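Dropping structure_7.cif in here (mmCIF, C-alpha atoms and all ligand atoms):
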data_model
#
loop_
_atom_site.label_atom_id
_atom_site.label_comp_id
_atom_site.auth_asym_id
_atom_site.auth_seq_id
_atom_site.Cartn_x
_atom_site.Cartn_y
_atom_site.Cartn_z
CA MET M 1 25.68 -0.90 -50.14
CA LYS M 2 25.55 -0.11 -53.85
CA ASN M 3 26.93 3.21 -55.09
CA THR M 4 23.49 4.40 -56.21
CA ASP M 5 22.13 3.69 -52.71
CA LEU M 6 24.95 5.73 -51.20
CA GLU M 7 24.21 8.60 -53.60
CA LEU M 8 20.55 8.51 -52.60
CA LEU M 9 21.53 8.54 -48.94
CA GLU M 10 23.74 11.57 -49.50
CA ALA M 11 20.94 13.32 -51.40
CA ILE M 12 18.46 12.69 -48.58
CA GLY M 13 21.18 13.94 -46.27
CA ASP M 14 19.88 16.19 -43.54
CA SER M 15 16.38 16.70 -44.89
CA HIS M 16 15.03 14.52 -42.05
CA TYR M 17 11.97 13.55 -44.04
CA SER M 18 9.71 10.71 -43.03
CA ASP M 19 6.08 10.12 -44.00
CA ASN M 20 5.09 7.43 -41.50
CA VAL M 21 3.80 8.26 -38.02
CA ASP M 22 4.81 4.86 -36.63
CA THR M 23 8.46 4.32 -35.79
CA PRO M 24 9.72 1.81 -38.38
CA LEU M 25 10.35 -1.42 -36.46
CA ARG M 26 11.34 -4.91 -37.54
CA PRO M 27 8.78 -7.67 -36.93
CA ASP M 28 11.25 -9.35 -34.56
CA ALA M 29 12.03 -6.12 -32.67
CA PHE M 30 11.26 -7.55 -29.23
CA VAL M 31 12.10 -11.22 -29.64
CA LYS M 32 15.36 -10.72 -27.75
CA SER M 33 15.34 -9.71 -24.10
CA ASP M 34 16.95 -6.44 -23.03
CA LYS M 35 19.84 -8.44 -21.59
CA GLU M 36 20.43 -10.22 -24.92
CA LYS M 37 20.28 -6.92 -26.78
CA ILE M 38 22.80 -5.31 -24.44
CA GLU M 39 25.19 -8.25 -24.91
CA ALA M 40 24.91 -8.08 -28.72
CA ILE M 41 25.21 -4.28 -28.97
CA GLN M 42 28.19 -4.37 -26.63
CA LYS M 43 30.03 -6.67 -29.09
CA HIS M 44 29.11 -4.52 -32.08
CA PHE M 45 30.10 -1.28 -30.40
CA LYS M 46 33.43 -2.77 -29.36
CA LYS M 47 33.97 -3.52 -33.06
CA ILE M 48 33.17 0.10 -34.00
CA MET M 49 35.68 1.39 -31.45
CA GLU M 50 38.33 -1.01 -32.73
CA GLU M 51 37.65 0.04 -36.33
CA LEU M 52 38.24 3.62 -35.21
CA GLY M 53 41.64 2.47 -34.00
CA LEU M 54 40.97 2.67 -30.27
CA ASP M 55 42.81 0.37 -27.87
CA ILE M 56 39.90 -1.28 -26.10
CA THR M 57 42.20 -2.78 -23.44
CA ASP M 58 42.86 0.70 -22.03
CA ASP M 59 41.35 1.14 -18.55
CA SER M 60 39.31 4.14 -19.58
CA LEU M 61 37.85 2.49 -22.71
CA SER M 62 37.30 -1.11 -21.67
CA GLY M 63 33.90 -0.48 -20.09
CA THR M 64 32.59 1.77 -22.85
CA PRO M 65 30.95 -0.86 -25.10
CA TYR M 66 28.87 -2.13 -22.18
CA ARG M 67 28.02 1.39 -20.99
CA VAL M 68 26.88 2.45 -24.46
CA ALA M 69 24.85 -0.74 -25.01
CA LYS M 70 23.09 -0.41 -21.65
CA MET M 71 22.46 3.30 -22.23
CA TYR M 72 20.86 2.60 -25.64
CA VAL M 73 18.57 -0.17 -24.45
CA LYS M 74 17.65 1.00 -20.94
CA GLU M 75 17.83 4.79 -21.20
CA LEU M 76 18.03 6.62 -24.54
CA PHE M 77 15.82 4.21 -26.49
CA TYR M 78 13.63 2.60 -23.83
CA GLY M 79 10.63 4.13 -25.60
CA LEU M 80 11.00 1.75 -28.56
CA ASN M 81 9.46 -1.03 -26.51
CA PRO M 82 5.68 -0.74 -26.06
CA ALA M 83 6.09 -2.70 -22.80
CA ASN M 84 7.67 0.50 -21.38
CA LYS M 85 4.74 2.73 -22.30
CA PRO M 86 3.43 4.59 -19.23
CA LYS M 87 -0.05 3.67 -18.09
CA LEU M 88 -2.26 6.62 -19.00
CA SER M 89 -5.18 6.39 -16.63
CA THR M 90 -7.87 9.00 -17.25
CA PHE M 91 -10.58 10.36 -14.97
CA ASN M 92 -14.10 11.50 -15.66
CA ASN M 93 -14.28 15.23 -16.15
CA LYS M 94 -16.57 15.55 -13.13
CA TYR M 95 -15.82 19.25 -12.65
CA GLY M 96 -17.08 19.98 -16.12
CA TYR M 97 -13.82 21.79 -16.95
CA ARG M 98 -14.30 22.74 -20.60
CA LYS M 99 -11.50 25.17 -21.37
CA MET M 100 -7.85 24.79 -22.14
CA LEU M 101 -5.31 22.93 -20.03
CA VAL M 102 -1.66 23.60 -20.90
CA GLU M 103 1.37 21.65 -19.71
CA GLN M 104 4.43 23.65 -20.78
CA ASN M 105 8.23 23.34 -20.77
CA ILE M 106 8.29 19.54 -20.71
CA SER M 107 11.93 18.57 -21.23
CA ILE M 108 12.73 16.79 -24.46
CA ASP M 109 15.69 14.42 -24.44
CA SER M 110 15.67 12.60 -27.72
CA ALA M 111 18.03 11.52 -30.48
CA CYS M 112 17.79 12.04 -34.22
CA GLU M 113 17.44 8.80 -36.11
CA HIS M 114 19.65 9.97 -38.99
CA HIS M 115 22.77 10.63 -36.92
CA PHE M 116 21.99 9.22 -33.45
CA LEU M 117 22.86 12.62 -31.97
CA PRO M 118 20.86 14.37 -29.22
CA ILE M 119 17.75 16.45 -29.77
CA THR M 120 17.09 18.63 -26.70
CA GLY M 121 14.42 21.17 -25.99
CA PHE M 122 10.88 21.57 -24.71
CA ALA M 123 7.41 20.35 -25.53
CA HIS M 124 4.27 22.35 -24.79
CA VAL M 125 1.03 20.40 -24.78
CA GLY M 126 -2.53 21.67 -24.54
CA TYR M 127 -5.96 20.06 -24.67
CA ILE M 128 -9.58 20.94 -24.20
CA PRO M 129 -11.31 18.13 -22.32
CA GLU M 130 -14.62 16.56 -23.19
CA GLU M 131 -15.56 13.58 -20.98
CA LYS M 132 -12.04 12.64 -19.88
CA VAL M 133 -9.15 14.35 -18.12
CA ILE M 134 -5.67 12.98 -17.49
CA GLY M 135 -3.22 13.22 -14.57
CA LEU M 136 -0.79 16.06 -15.33
CA SER M 137 2.42 14.07 -14.91
CA LYS M 138 1.07 11.50 -17.40
CA ILE M 139 1.53 14.05 -20.18
CA ASN M 140 5.20 14.46 -19.19
CA ARG M 141 5.61 10.68 -19.07
CA LEU M 142 4.06 10.25 -22.50
CA VAL M 143 6.33 12.92 -24.03
CA ASN M 144 9.30 11.20 -22.40
CA TYR M 145 8.30 7.81 -23.74
CA TYR M 146 8.01 8.90 -27.38
CA ALA M 147 11.14 11.07 -27.12
CA HIS M 148 13.23 8.09 -26.02
CA ARG M 149 13.48 6.56 -29.47
CA PRO M 150 15.55 7.40 -32.48
CA GLN M 151 13.31 10.18 -33.78
CA VAL M 152 12.53 12.89 -36.28
CA GLN M 153 10.93 15.89 -34.60
CA GLU M 154 7.88 15.98 -36.87
CA ARG M 155 7.04 12.37 -36.05
CA LEU M 156 7.64 12.85 -32.33
CA CYS M 157 5.15 15.73 -32.40
CA LEU M 158 2.55 13.60 -34.21
CA GLN M 159 3.02 10.51 -32.06
CA ILE M 160 2.35 12.53 -28.89
CA LEU M 161 -0.65 14.25 -30.50
CA LYS M 162 -2.31 11.09 -31.80
CA ASP M 163 -1.79 9.19 -28.55
CA LEU M 164 -3.33 11.98 -26.47
CA GLN M 165 -6.24 12.37 -28.89
CA GLU M 166 -6.97 8.67 -28.53
CA THR M 167 -6.45 8.56 -24.75
CA LEU M 168 -8.56 11.65 -24.07
CA ASN M 169 -11.14 10.76 -26.72
CA THR M 170 -11.02 14.25 -28.23
CA GLN M 171 -9.39 15.77 -31.29
CA SER M 172 -8.79 19.05 -29.41
CA VAL M 173 -5.12 18.57 -28.60
CA ILE M 174 -2.10 20.69 -29.57
CA VAL M 175 1.59 19.77 -29.33
CA MET M 176 4.40 22.23 -29.90
CA ILE M 177 8.08 21.28 -29.72
CA ASN M 178 11.02 23.66 -29.83
CA ALA M 179 14.29 21.74 -29.96
CA GLU M 180 17.95 21.94 -30.85
CA HIS M 181 19.48 19.20 -32.94
CA LEU M 182 23.12 18.40 -32.33
CA CYS M 183 23.38 17.13 -35.90
CA VAL M 184 22.71 20.73 -36.98
CA SER M 185 24.77 22.49 -34.30
CA SER M 186 27.83 20.23 -33.99
CA ARG M 187 28.37 18.89 -37.49
CA GLY M 188 27.27 19.68 -41.03
CA ILE M 189 26.13 23.32 -41.09
CA LYS M 190 27.29 23.78 -37.44
CA ASP M 191 24.66 26.35 -36.60
CA LYS M 192 24.81 26.93 -32.85
CA THR M 193 21.82 29.23 -32.53
CA SER M 194 18.96 27.85 -34.64
CA SER M 195 16.22 25.68 -33.23
CA THR M 196 13.38 23.75 -34.83
CA ILE M 197 9.74 24.34 -33.97
CA THR M 198 6.98 21.89 -34.85
CA VAL M 199 3.29 22.39 -34.09
CA GLU M 200 0.56 19.85 -34.68
CA TYR M 201 -3.08 20.11 -33.59
CA GLY M 202 -6.66 19.09 -34.20
CA GLY M 203 -10.24 19.79 -33.15
CA ALA M 204 -10.82 23.20 -31.53
CA PHE M 205 -7.18 24.15 -32.14
CA GLU M 206 -7.90 24.37 -35.88
CA ASN M 207 -9.47 27.70 -34.88
CA THR M 208 -6.86 30.49 -35.02
CA GLU M 209 -8.23 32.25 -31.94
CA ILE M 210 -8.01 29.09 -29.83
CA ARG M 211 -4.52 28.44 -31.13
CA ASN M 212 -3.49 31.98 -30.23
CA GLU M 213 -4.94 31.51 -26.74
CA PHE M 214 -2.67 28.47 -26.35
CA LEU M 215 0.36 30.42 -27.56
CA ALA M 216 -0.50 33.31 -25.21
CA CYS M 217 -0.52 30.88 -22.25
CA LEU M 218 3.05 29.81 -22.94
CA ASN M 219 5.92 31.14 -20.91
CA PRO M 220 8.71 29.22 -22.56
CA ILE M 221 12.03 28.75 -20.80
CA GLU M 222 13.87 29.60 -24.02
ZN ZN O 301 20.24 14.24 -37.61
#
Would you mind writing the structure in this file as structure tokens?
Amino acid sequence: MKNTDLELLEAIGDSHYSDNVDTPLRPDAFVKSDKEKIEAIQKHFKKIMEELGLDITDDSLSGTPYRVAKMYVKELFYGLNPANKPKLSTFNNKYGYRKMLVEQNISIDSACEHHFLPITGFAHVGYIPEEKVIGLSKINRLVNYYAHRPQVQERLCLQILKDLQETLNTQSVIVMINAEHLCVSSRGIKDKTSSTITVEYGGAFENTEIRNEFLACLNPIE
């Protein structure tokens, strides 16, 4: 990396700015199988540990490269692969339910893409149905799917919003996330008490009264 590139990287630092809603992926992102990826990452992570000076032959450390590689591919970042997207079946709104539905305190387990450190917190999602309604647990599954990628919180919020708007065929969706970023609490500024709130919405939620009704429904865990 050139010096000017490094300077730019330092300047961008912790600003966590990104202007694209899609997660930036290489064209060949899914050419390799999960098994091939785990094997490759295992080798690279072993190298990182060795560069740090760790004795990889030690009993306690020898399995770490494999554990980390498997955790990345199968757990923390399973949501990178569209093949893992939950099936979001919808139903006709046969009851004619026309007011707000809120699914609150959905656990967020994500990782920031600038430091690969955890982002943990809660998502609160609301929508006002038109012709379609969705199974409640599907909202949790969708949040989980998008959270399990290297993320920035703003983009996570938008990805959930846009997907639900498309799936439910209505703009009237709101997504609020309140999360702690370990890259803020455990390094850098080391602020242990701050959290980050993002709110994105469309349709009826553009109306302040409707938005306030959503906020009044919430009984957040923290
Ligand atoms: Zn970060």
Sorted by chain and rising residue number, list the residues of chain M at most 10 Å from ligand ZN 301 (chain O) (counting only C-alpha atoms and all ligand atoms), each with its closest atom pair and distance in Å to one decimal, as JSON lines.
{"residue": "M:Gly13", "atom": "CA", "partner": "O:ZN301", "partner_atom": "ZN", "distance": 8.7}
{"residue": "M:Asp14", "atom": "CA", "partner": "O:ZN301", "partner_atom": "ZN", "distance": 6.3}
{"residue": "M:Ser15", "atom": "CA", "partner": "O:ZN301", "partner_atom": "ZN", "distance": 8.6}
{"residue": "M:His16", "atom": "CA", "partner": "O:ZN301", "partner_atom": "ZN", "distance": 6.9}
{"residue": "M:Ala111", "atom": "CA", "partner": "O:ZN301", "partner_atom": "ZN", "distance": 7.9}
{"residue": "M:Cys112", "atom": "CA", "partner": "O:ZN301", "partner_atom": "ZN", "distance": 4.7}
{"residue": "M:Glu113", "atom": "CA", "partner": "O:ZN301", "partner_atom": "ZN", "distance": 6.3}
{"residue": "M:His114", "atom": "CA", "partner": "O:ZN301", "partner_atom": "ZN", "distance": 4.5}
{"residue": "M:His115", "atom": "CA", "partner": "O:ZN301", "partner_atom": "ZN", "distance": 4.5}
{"residue": "M:Phe116", "atom": "CA", "partner": "O:ZN301", "partner_atom": "ZN", "distance": 6.8}
{"residue": "M:Leu117", "atom": "CA", "partner": "O:ZN301", "partner_atom": "ZN", "distance": 6.4}
{"residue": "M:Pro118", "atom": "CA", "partner": "O:ZN301", "partner_atom": "ZN", "distance": 8.4}
{"residue": "M:Ile119", "atom": "CA", "partner": "O:ZN301", "partner_atom": "ZN", "distance": 8.5}
{"residue": "M:Pro150", "atom": "CA", "partner": "O:ZN301", "partner_atom": "ZN", "distance": 9.8}
{"residue": "M:Gln151", "atom": "CA", "partner": "O:ZN301", "partner_atom": "ZN", "distance": 8.9}
{"residue": "M:Val152", "atom": "CA", "partner": "O:ZN301", "partner_atom": "ZN", "distance": 7.9}
{"residue": "M:Gln153", "atom": "CA", "partner": "O:ZN301", "partner_atom": "ZN", "distance": 9.9}
{"residue": "M:His181", "atom": "CA", "partner": "O:ZN301", "partner_atom": "ZN", "distance": 6.9}
{"residue": "M:Leu182", "atom": "CA", "partner": "O:ZN301", "partner_atom": "ZN", "distance": 7.3}
{"residue": "M:Cys183", "atom": "CA", "partner": "O:ZN301", "partner_atom": "ZN", "distance": 4.6}
{"residue": "M:Val184", "atom": "CA", "partner": "O:ZN301", "partner_atom": "ZN", "distance": 7.0}
{"residue": "M:Ser185", "atom": "CA", "partner": "O:ZN301", "partner_atom": "ZN", "distance": 10.0}
{"residue": "M:Arg187", "atom": "CA", "partner": "O:ZN301", "partner_atom": "ZN", "distance": 9.4}
{"residue": "M:Gly188", "atom": "CA", "partner": "O:ZN301", "partner_atom": "ZN", "distance": 9.5}
Identify the residues within 10 Å of coordinate (-6.2, 12.4, -16.5) (same frame as the file), considering all atoms listed in the file, and give the answer as a PDB file with C-alpha atoms, in the frame of the given file.
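And here's out-v8.pdb as it stands now:
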ATOM      1  CA  LEU M  88      -2.260   6.620 -19.000  1.00  0.00           C
ATOM      2  CA  SER M  89      -5.180   6.390 -16.630  1.00  0.00           C
ATOM      3  CA  THR M  90      -7.870   9.000 -17.250  1.00  0.00           C
ATOM      4  CA  PHE M  91     -10.580  10.360 -14.970  1.00  0.00           C
ATOM      5  CA  ASN M  92     -14.100  11.500 -15.660  1.00  0.00           C
ATOM      6  CA  ASN M  93     -14.280  15.230 -16.150  1.00  0.00           C
ATOM      7  CA  PRO M 129     -11.310  18.130 -22.320  1.00  0.00           C
ATOM      8  CA  LYS M 132     -12.040  12.640 -19.880  1.00  0.00           C
ATOM      9  CA  VAL M 133      -9.150  14.350 -18.120  1.00  0.00           C
ATOM     10  CA  ILE M 134      -5.670  12.980 -17.490  1.00  0.00           C
ATOM     11  CA  GLY M 135      -3.220  13.220 -14.570  1.00  0.00           C
ATOM     12  CA  LEU M 136      -0.790  16.060 -15.330  1.00  0.00           C
ATOM     13  CA  SER M 137       2.420  14.070 -14.910  1.00  0.00           C
ATOM     14  CA  LYS M 138       1.070  11.500 -17.400  1.00  0.00           C
ATOM     15  CA  ILE M 139       1.530  14.050 -20.180  1.00  0.00           C
ATOM     16  CA  THR M 167      -6.450   8.560 -24.750  1.00  0.00           C
ATOM     17  CA  LEU M 168      -8.560  11.650 -24.070  1.00  0.00           C
TER      18      LEU M 168
END
Need to verify the contact set: segment 169-176 of chain M, 9 Å, only C-alpha atoms, exclusion of same-chain residues closer than 3 positions in sequence. Can you return it as a PDB file with C-alpha atoms, in the coordinates of the input?
ATOM      1  CA  PHE M 122      10.880  21.570 -24.710  1.00  0.00           C
ATOM      2  CA  ALA M 123       7.410  20.350 -25.530  1.00  0.00           C
ATOM      3  CA  HIS M 124       4.270  22.350 -24.790  1.00  0.00           C
ATOM      4  CA  VAL M 125       1.030  20.400 -24.780  1.00  0.00           C
ATOM      5  CA  GLY M 126      -2.530  21.670 -24.540  1.00  0.00           C
ATOM      6  CA  TYR M 127      -5.960  20.060 -24.670  1.00  0.00           C
ATOM      7  CA  ILE M 128      -9.580  20.940 -24.200  1.00  0.00           C
ATOM      8  CA  PRO M 129     -11.310  18.130 -22.320  1.00  0.00           C
ATOM      9  CA  GLU M 130     -14.620  16.560 -23.190  1.00  0.00           C
ATOM     10  CA  GLU M 131     -15.560  13.580 -20.980  1.00  0.00           C
ATOM     11  CA  LYS M 132     -12.040  12.640 -19.880  1.00  0.00           C
ATOM     12  CA  CYS M 157       5.150  15.730 -32.400  1.00  0.00           C
ATOM     13  CA  LEU M 158       2.550  13.600 -34.210  1.00  0.00           C
ATOM     14  CA  ILE M 160       2.350  12.530 -28.890  1.00  0.00           C
ATOM     15  CA  LEU M 161      -0.650  14.250 -30.500  1.00  0.00           C
ATOM     16  CA  LYS M 162      -2.310  11.090 -31.800  1.00  0.00           C
ATOM     17  CA  LEU M 164      -3.330  11.980 -26.470  1.00  0.00           C
ATOM     18  CA  GLN M 165      -6.240  12.370 -28.890  1.00  0.00           C
ATOM     19  CA  GLU M 166      -6.970   8.670 -28.530  1.00  0.00           C
ATOM     20  CA  ILE M 197       9.740  24.340 -33.970  1.00  0.00           C
ATOM     21  CA  THR M 198       6.980  21.890 -34.850  1.00  0.00           C
ATOM     22  CA  VAL M 199       3.290  22.390 -34.090  1.00  0.00           C
ATOM     23  CA  GLU M 200       0.560  19.850 -34.680  1.00  0.00           C
ATOM     24  CA  TYR M 201      -3.080  20.110 -33.590  1.00  0.00           C
ATOM     25  CA  GLY M 202      -6.660  19.090 -34.200  1.00  0.00           C
ATOM     26  CA  GLY M 203     -10.240  19.790 -33.150  1.00  0.00           C
ATOM     27  CA  ALA M 204     -10.820  23.200 -31.530  1.00  0.00           C
ATOM     28  CA  PHE M 205      -7.180  24.150 -32.140  1.00  0.00           C
ATOM     29  CA  GLU M 206      -7.900  24.370 -35.880  1.00  0.00           C
ATOM     30  CA  ARG M 211      -4.520  28.440 -31.130  1.00  0.00           C
ATOM     31  CA  PHE M 214      -2.670  28.470 -26.350  1.00  0.00           C
TER      32      PHE M 214
END
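Here atom CA of Leu52 of chain M stands at a distance of 17.4 Å from atom CA of Ala69 of chain M.
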The residue from M:Asn212, M:Val31, M:Gln104, M:Asp22 with the smallest atom-to-atom distance to Arg149 of chain M, counting only C-alpha atoms, is M:Asp22
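Atom to atom, atom CA of Ser107 of chain M and atom CA of Ser186 of chain M stand 20.5 Å apart.
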What's the 7 Å shell around segment 39-51 of chain M, counting all atoms listed in the file, without same-chain residues fewer than 5 positions away, as a ChimeraX atom specification?
/M:56,65-66,69
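You can rank M:Leu142, M:Ile106, M:Leu101, M:Met71 by their closest distance to Asn84 of chain M using all atoms listed in the file, and at the top of that list sits M:Leu142.
Relative to atom CA of Asn144 of chain M, atom CA of Lys37 of chain M is found at 21.6 Å.
Using all atoms listed in the file, the smallest distance between any of M:Ser110, M:Val21, M:Asn105, M:Tyr145 and Leu80 of chain M comes from M:Tyr145.
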Save segment 203-213 of chain M from what I just supplied, as a short mmCIF file (atom, residue, chain, number, x, y, z; two decimals), in the first residue's frame, atoms limited to all heavy atoms.
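The result, written out as selection-v7.cif:
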data_model
loop_
_atom_site.label_atom_id
_atom_site.label_comp_id
_atom_site.auth_asym_id
_atom_site.auth_seq_id
_atom_site.Cartn_x
_atom_site.Cartn_y
_atom_site.Cartn_z
N GLY M 203 -42.85 5.75 3.32
CA GLY M 203 -44.31 5.69 3.26
C GLY M 203 -44.97 6.45 4.40
O GLY M 203 -44.59 7.60 4.70
N ALA M 204 -45.92 5.81 5.09
CA ALA M 204 -46.69 6.46 6.15
C ALA M 204 -45.80 6.95 7.29
O ALA M 204 -46.16 7.88 8.01
CB ALA M 204 -47.74 5.50 6.70
N PHE M 205 -44.62 6.33 7.45
CA PHE M 205 -43.74 6.72 8.55
C PHE M 205 -43.04 8.06 8.31
O PHE M 205 -42.38 8.59 9.19
CB PHE M 205 -42.72 5.62 8.85
CG PHE M 205 -43.35 4.40 9.46
CD1 PHE M 205 -43.65 3.29 8.67
CD2 PHE M 205 -43.67 4.35 10.81
CE1 PHE M 205 -44.26 2.17 9.21
CE2 PHE M 205 -44.28 3.24 11.36
CZ PHE M 205 -44.59 2.14 10.56
N GLU M 206 -43.20 8.62 7.10
CA GLU M 206 -42.70 9.98 6.86
C GLU M 206 -43.49 10.97 7.72
O GLU M 206 -43.01 12.06 8.02
CB GLU M 206 -42.86 10.36 5.37
CG GLU M 206 -42.09 9.48 4.39
CD GLU M 206 -40.60 9.78 4.34
OE1 GLU M 206 -40.17 10.77 4.97
OE2 GLU M 206 -39.87 9.01 3.69
N ASN M 207 -44.70 10.57 8.07
CA ASN M 207 -45.57 11.40 8.92
C ASN M 207 -45.11 11.32 10.39
O ASN M 207 -45.00 10.23 10.96
CB ASN M 207 -47.01 10.86 8.77
CG ASN M 207 -48.01 11.63 9.60
OD1 ASN M 207 -47.76 11.99 10.75
ND2 ASN M 207 -49.16 11.89 9.01
N THR M 208 -44.85 12.50 10.98
CA THR M 208 -44.30 12.55 12.34
C THR M 208 -45.20 11.84 13.35
O THR M 208 -44.70 11.15 14.24
CB THR M 208 -44.12 14.02 12.79
OG1 THR M 208 -43.45 14.71 11.73
CG2 THR M 208 -43.28 14.12 14.05
N GLU M 209 -46.51 12.00 13.20
CA GLU M 209 -47.44 11.38 14.15
C GLU M 209 -47.33 9.85 14.10
O GLU M 209 -47.34 9.18 15.14
CB GLU M 209 -48.87 11.78 13.81
CG GLU M 209 -49.43 12.82 14.75
CD GLU M 209 -50.85 13.21 14.35
OE1 GLU M 209 -51.72 12.31 14.32
OE2 GLU M 209 -51.06 14.39 14.03
N ILE M 210 -47.26 9.32 12.90
CA ILE M 210 -47.15 7.86 12.73
C ILE M 210 -45.82 7.37 13.32
O ILE M 210 -45.74 6.34 13.98
CB ILE M 210 -47.25 7.47 11.24
CG1 ILE M 210 -48.53 7.99 10.61
CG2 ILE M 210 -47.11 5.96 11.05
CD1 ILE M 210 -49.79 7.25 10.98
N ARG M 211 -44.80 8.16 13.06
CA ARG M 211 -43.47 7.80 13.58
C ARG M 211 -43.48 7.80 15.11
O ARG M 211 -42.93 6.92 15.75
CB ARG M 211 -42.43 8.76 13.03
CG ARG M 211 -41.13 8.11 12.70
CD ARG M 211 -40.32 8.90 11.71
NE ARG M 211 -40.07 10.28 12.08
CZ ARG M 211 -40.44 11.33 11.34
NH1 ARG M 211 -41.09 11.15 10.20
NH2 ARG M 211 -40.15 12.54 11.73
N ASN M 212 -44.13 8.80 15.67
CA ASN M 212 -44.22 8.88 17.13
C ASN M 212 -45.03 7.72 17.71
O ASN M 212 -44.74 7.24 18.80
CB ASN M 212 -44.84 10.21 17.56
CG ASN M 212 -43.84 11.35 17.43
OD1 ASN M 212 -42.63 11.11 17.37
ND2 ASN M 212 -44.33 12.57 17.37
N GLU M 213 -46.06 7.28 16.97
CA GLU M 213 -46.85 6.13 17.40
C GLU M 213 -45.95 4.89 17.47
O GLU M 213 -46.02 4.12 18.43
CB GLU M 213 -48.00 5.91 16.40
CG GLU M 213 -49.01 4.89 16.87
CD GLU M 213 -50.09 4.63 15.81
OE1 GLU M 213 -50.46 5.57 15.06
OE2 GLU M 213 -50.54 3.48 15.72
#
